[in-house]
Each structure stands twice: as structure tokens, then as C-alpha cells.
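Inspection log for the structure reproduced underneath, given as C-alpha cells.
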Amino acid sequence: YLVMMGILILLGIWIYFSSLPEVDADAEDEELAKTNLSKKSIFQFPHIFLGTLALFLYVGVEVIAGDTIINYANESHGIPLDEAKFFASFTLGAMILGYVIGIFTIPKYISQENALKVSAILGLIFGLVAIYADGFTSVMAIALLGIANALVWPAIWPMALAGLGRFT
């Protein structure tokens, strides 16, 4: 815990001194200001709540992928527990890879909407492989779902925040 605390303190110091852009909460372009003129509260933006709900469900899916893969490998495919225990690390590694891909590509090279489409397509492909394949291949398809899962957050959250203007 002391190591984690030290890392988090260093991360906080790094963020404090980084050159993040200043956010002017009162600045709103004229067209968006006209659109939001009649709005008095964040509760008048249904897409923020739908995005939050989607992220809540996404976190559940992400946790399920990491938490159940060991039992899936052992009980469904007969892989011994001393071998199956490594699949959770593969899932987390795939998630980290997905996060890194998202950091460097969204939205610079790929839009949030397209990233969400790619994530859904990858999820379908890996899901179908997991269903129709056997043994190691099926379990690795579940582990690779981590890549598809990790692309969801950087795709949904900016879309949920879009158009909020001064309510951001």
C-alpha cells in the first residue's frame, strides 16, 4: 500500500505541474448557447444519463470478464486451476492494451463513434469465438474481450458530455 500511495502521490504531482488546458466553464459558442438557452439544469440532457448508465453497465461487463475467466477455463474447458489462474492476467493485459490504444487513437485518429463501433465489432467477434471454439482458444477469446471492453470508456464518456456547454 505504501508503494501504491507513493505512485499516486507522484502521479498527482505530475498532473499538477502538467500543462493541461484551462477549462472556461462560462465559455460557450453562440450556437450551443442558443440551443441550451431554455435549459436550466443538467437533468434536461438525457444523453448524459444514458451515457452514465452505459458506463455503469460497462464496468460490470469489464469486471465479469476478469473475475469469471478462471472458473470459465477450469469448469467449462477442463484447464487445471494452476494454469487457469494466469488468464485473469491476460484479460487485464488486454484491457491495458485497449486503454493505450484508446489514449493514442481516440479522437486524434478515430472518432468516439467509430471507436464504439470497433469495440462492439471486436466484442461480437471475440464473443462468437468464445462460444464456438473449445479449450484454450475459447478462453483466450474471453481474455481478448479486454481490448474491446477498454475502448468503451473513451468512446462513451465524451459522447455523453457532448453539447452540455456551460453545464459541463
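Note on naming: chains are A, B, ... as they come in the C-alpha cells, residues start from 1 per chain, ligands start from 1 in the order shown.
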Please produce, as JSON lines, a per-residue contact table for range 66-118 of chain A versus range 150-155 of chain A (criterion: any atom at most 10 Å away, only C-alpha atoms considered), showing the nearest atom pair and its distance in Å to one decimal, sorted by chain then residue number.
```
{"residue": "A:Leu92", "atom": "CA", "partner": "A:Ala150", "partner_atom": "CA", "distance": 9.7}
{"residue": "A:Ala94", "atom": "CA", "partner": "A:Ala150", "partner_atom": "CA", "distance": 8.2}
{"residue": "A:Met95", "atom": "CA", "partner": "A:Ala150", "partner_atom": "CA", "distance": 5.2}
{"residue": "A:Ile96", "atom": "CA", "partner": "A:Ala150", "partner_atom": "CA", "distance": 7.4}
{"residue": "A:Leu97", "atom": "CA", "partner": "A:Ala150", "partner_atom": "CA", "distance": 8.1}
{"residue": "A:Gly98", "atom": "CA", "partner": "A:Ala150", "partner_atom": "CA", "distance": 4.9}
{"residue": "A:Tyr99", "atom": "CA", "partner": "A:Ala150", "partner_atom": "CA", "distance": 5.4}
{"residue": "A:Val100", "atom": "CA", "partner": "A:Ala150", "partner_atom": "CA", "distance": 8.9}
{"residue": "A:Ile101", "atom": "CA", "partner": "A:Leu151", "partner_atom": "CA", "distance": 7.8}
{"residue": "A:Gly102", "atom": "CA", "partner": "A:Leu151", "partner_atom": "CA", "distance": 5.8}
{"residue": "A:Ile103", "atom": "CA", "partner": "A:Pro154", "partner_atom": "CA", "distance": 7.9}
{"residue": "A:Ile106", "atom": "CA", "partner": "A:Pro154", "partner_atom": "CA", "distance": 7.1}
{"residue": "A:Pro107", "atom": "CA", "partner": "A:Ala155", "partner_atom": "CA", "distance": 8.6}
{"residue": "A:Ile110", "atom": "CA", "partner": "A:Ala155", "partner_atom": "CA", "distance": 9.8}
{"residue": "A:Ser111", "atom": "CA", "partner": "A:Ala155", "partner_atom": "CA", "distance": 7.9}
{"residue": "A:Gln112", "atom": "CA", "partner": "A:Ala155", "partner_atom": "CA", "distance": 4.3}
{"residue": "A:Glu113", "atom": "CA", "partner": "A:Ala155", "partner_atom": "CA", "distance": 6.5}
{"residue": "A:Asn114", "atom": "CA", "partner": "A:Ala155", "partner_atom": "CA", "distance": 8.2}
{"residue": "A:Ala115", "atom": "CA", "partner": "A:Ala155", "partner_atom": "CA", "distance": 5.9}
{"residue": "A:Leu116", "atom": "CA", "partner": "A:Ala155", "partner_atom": "CA", "distance": 5.5}
{"residue": "A:Lys117", "atom": "CA", "partner": "A:Ala155", "partner_atom": "CA", "distance": 9.2}
{"residue": "A:Val118", "atom": "CA", "partner": "A:Leu151", "partner_atom": "CA", "distance": 8.3}
```
**Asked** Which residues, written as a PyMOL selection string, have at least one atom at most 12 Å from Ile64 in chain A, with only C-alpha atoms counted and residues fewer than 4 positions away on the same chain left out?
**Response** chain A and resi 57-60+68-72+88+91-92+142-143+145-146+149
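You can rank A:Met4, A:Ala84, A:Ala141, A:Ala54 by their closest distance to Gly123 in chain A using only C-alpha atoms, and at the top of that list sits A:Ala141.
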**Fill in**
Using only C-alpha atoms, the residue out of A:Phe136, A:Phe49, A:Phe90, A:Phe43 with shortest distance to Gly66 in chain A is A:Phe90
**Asked** With distances taken over only C-alpha atoms, which of A:Leu20, A:Leu128, A:Leu10, A:Ala33 is nearest to Leu164 in chain A?
**Response** A:Ala33
**Request:** Would you list the contacts of Leu161 in chain A as a PyMOL selection string, taking every protein, DNA or RNA residue within 10 Å and counting only C-alpha atoms, but skipping same-chain residues closer than 2 positions in sequence?
**Result:** chain A and resi 45+47-49+51-52+156-159+163-165+167-168
